[in-house]
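Heads up, the thing below is written out as structure tokens.
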Amino acid sequence: MRVLFLHIILALTLLTACTDSDVVYHNFETTPKEGWGKTDTLMMQTGEIQETGMYSVEMCVRITEAYPYQALTLMVEEVILPRNTRTVYPVTLQIATQEGKRNKEGLTYSEFINRLNTPYVRKGESIRFNIYHKMRRTALPGVTDVGMKVVKSYGKTTLGR
């Protein structure tokens, strides 16, 4: 009985230690099943930020074997609201080598994670992301999901007001 109790305490301690309390937003949006069209914009928005400071922004893209190209170019528009500060980031992911070997391996899909930037956000503001692809093909197959993650970088700064 005592061993079971110790195992439960250990599990709870590990679970508590593994939580990432600095994550303020983490979400994935699914692309259309018939292929991600040039006019299909994925939109995501954080809730109101609770603490003024710097925040790291990461993007994760999930791609299946059906993706036919060596690279993927995306545009990420970041809008800080209500300031309406807009920044557009071109993101190029190298999916495969010139010989066709995939850079990431997965069972059903491969994940490509890219850190974008570290914006300064004030308490009460939110961040909206508009994501679209810049590939020539009209309906892009094999891209299944795009995710955005916003994490508190470090404490309050003296930037802004």
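For the structure tokens, the naming scheme is as follows: chains receive sequential letters (A, B, ...) according to their order of presentation, residues are indexed from 1 within each chain, and ligands are indexed from 1 in presentation order.
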
*DSSP says helix (DSSP H, G or I) for which residues of range 3-161 of chain A? Put them as number ranges by chain?*
A: 3-18

Export, as a PDB file, in the first residue's frame, the selected residues with N, CA and C atoms.
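The resulting file, out.pdb, is reproduced below:
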```pdb
ATOM      1  N   VAL A   3       3.907   1.524  -1.150  1.00  0.00           N
ATOM      2  CA  VAL A   3       4.575   1.640  -2.447  1.00  0.00           C
ATOM      3  C   VAL A   3       3.632   2.289  -3.461  1.00  0.00           C
ATOM      4  N   LEU A   4       2.361   1.900  -3.464  1.00  0.00           N
ATOM      5  CA  LEU A   4       1.369   2.482  -4.363  1.00  0.00           C
ATOM      6  C   LEU A   4       1.230   3.982  -4.082  1.00  0.00           C
ATOM      7  N   PHE A   5       1.174   4.333  -2.817  1.00  0.00           N
ATOM      8  CA  PHE A   5       1.060   5.735  -2.424  1.00  0.00           C
ATOM      9  C   PHE A   5       2.278   6.531  -2.930  1.00  0.00           C
ATOM     10  N   LEU A   6       3.471   5.964  -2.794  1.00  0.00           N
ATOM     11  CA  LEU A   6       4.676   6.631  -3.266  1.00  0.00           C
ATOM     12  C   LEU A   6       4.686   6.792  -4.790  1.00  0.00           C
ATOM     13  N   HIS A   7       4.185   5.773  -5.487  1.00  0.00           N
ATOM     14  CA  HIS A   7       4.088   5.853  -6.949  1.00  0.00           C
ATOM     15  C   HIS A   7       3.124   6.956  -7.366  1.00  0.00           C
ATOM     16  N   ILE A   8       2.020   7.078  -6.669  1.00  0.00           N
ATOM     17  CA  ILE A   8       1.044   8.127  -6.992  1.00  0.00           C
ATOM     18  C   ILE A   8       1.653   9.505  -6.740  1.00  0.00           C
ATOM     19  N   ILE A   9       2.338   9.673  -5.622  1.00  0.00           N
ATOM     20  CA  ILE A   9       2.981  10.953  -5.316  1.00  0.00           C
ATOM     21  C   ILE A   9       4.032  11.283  -6.371  1.00  0.00           C
ATOM     22  N   LEU A  10       4.832  10.286  -6.767  1.00  0.00           N
ATOM     23  CA  LEU A  10       5.855  10.489  -7.787  1.00  0.00           C
ATOM     24  C   LEU A  10       5.221  10.887  -9.119  1.00  0.00           C
ATOM     25  N   ALA A  11       4.156  10.214  -9.513  1.00  0.00           N
ATOM     26  CA  ALA A  11       3.470  10.524 -10.770  1.00  0.00           C
ATOM     27  C   ALA A  11       2.909  11.940 -10.756  1.00  0.00           C
ATOM     28  N   LEU A  12       2.296  12.343  -9.655  1.00  0.00           N
ATOM     29  CA  LEU A  12       1.757  13.698  -9.547  1.00  0.00           C
ATOM     30  C   LEU A  12       2.859  14.744  -9.584  1.00  0.00           C
ATOM     31  N   THR A  13       3.971  14.449  -8.951  1.00  0.00           N
ATOM     32  CA  THR A  13       5.102  15.372  -8.961  1.00  0.00           C
ATOM     33  C   THR A  13       5.650  15.537 -10.370  1.00  0.00           C
ATOM     34  N   LEU A  14       5.815  14.433 -11.095  1.00  0.00           N
ATOM     35  CA  LEU A  14       6.306  14.494 -12.464  1.00  0.00           C
ATOM     36  C   LEU A  14       5.326  15.225 -13.372  1.00  0.00           C
ATOM     37  N   LEU A  15       4.053  14.970 -13.186  1.00  0.00           N
ATOM     38  CA  LEU A  15       3.030  15.635 -13.993  1.00  0.00           C
ATOM     39  C   LEU A  15       3.061  17.132 -13.759  1.00  0.00           C
ATOM     40  N   THR A  16       3.193  17.541 -12.530  1.00  0.00           N
ATOM     41  CA  THR A  16       3.266  18.965 -12.202  1.00  0.00           C
ATOM     42  C   THR A  16       4.524  19.591 -12.775  1.00  0.00           C
ATOM     43  N   ALA A  17       5.634  18.893 -12.720  1.00  0.00           N
ATOM     44  CA  ALA A  17       6.904  19.426 -13.226  1.00  0.00           C
ATOM     45  C   ALA A  17       6.893  19.541 -14.741  1.00  0.00           C
ATOM     46  N   CYS A  18       6.126  18.722 -15.424  1.00  0.00           N
ATOM     47  CA  CYS A  18       6.119  18.701 -16.876  1.00  0.00           C
ATOM     48  C   CYS A  18       5.193  19.748 -17.494  1.00  0.00           C
TER      49      CYS A  18
END
```

- Skip Ser153 in chain A itself and residues of its chain fewer than 4 positions away, then list as number ranges by chain all residues within 9 Å of it, counting only C-alpha atoms. A: 22, 53-56, 118

- Please provide the set of residues having any atom within 9 Å of range 142-151 of chain A, restricted to only C-alpha atoms, with same-chain residues fewer than 5 positions apart removed, written as a ChimeraX atom specification. /A:20-33,35-36,42,44,46,54-68,109,129,131

**Report entry** Members of chain A assigned strand (DSSP E or B) by DSSP, as a ChimeraX atom specification
**Finding:** /A:23-30,36-37,42-45,53-63,71-81,85-94,96,102,110-117,120-121,126-133,139-140,143-154

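As for CA of Arg122 in chain A and CA of Gln50 in chain A, they are spaced 8.2 Å apart.
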
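Restricting the calculation to only C-alpha atoms, the smallest distance between Gly124 in chain A and any of A:Glu51, A:Glu111, A:Glu105, A:Glu78 is found for A:Glu51.
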
The residue from A:Thr85, A:Tyr69, A:Ile127, A:Ile113 with the smallest atom-to-atom distance to Lys101 in chain A, counting only C-alpha atoms, is A:Tyr69

Separating CA of Thr52 in chain A from CA of Arg115 in chain A, to the nearest tenth of an Å, is a gap of 20.3 Å

Using only C-alpha atoms, the shortest atom-to-atom distance to Val88 in chain A among A:Ala71, A:Leu116, A:Val121, A:Leu107 belongs to A:Leu116

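Taking only C-alpha atoms, the non-local environment of Ala96 in chain A within 10 Å (same-chain residues fewer than 2 positions away omitted) comprises Pro68, Tyr69, Gln70, Ala71, Leu72, Leu93, Gln94, Gln98, Glu99, Gly100, Lys101, Arg102, Asn103 and Lys104 of chain A.
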
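One distance worth recording is that between CA of Thr87 in chain A and CA of Pro141 in chain A, which is 27.1 Å.
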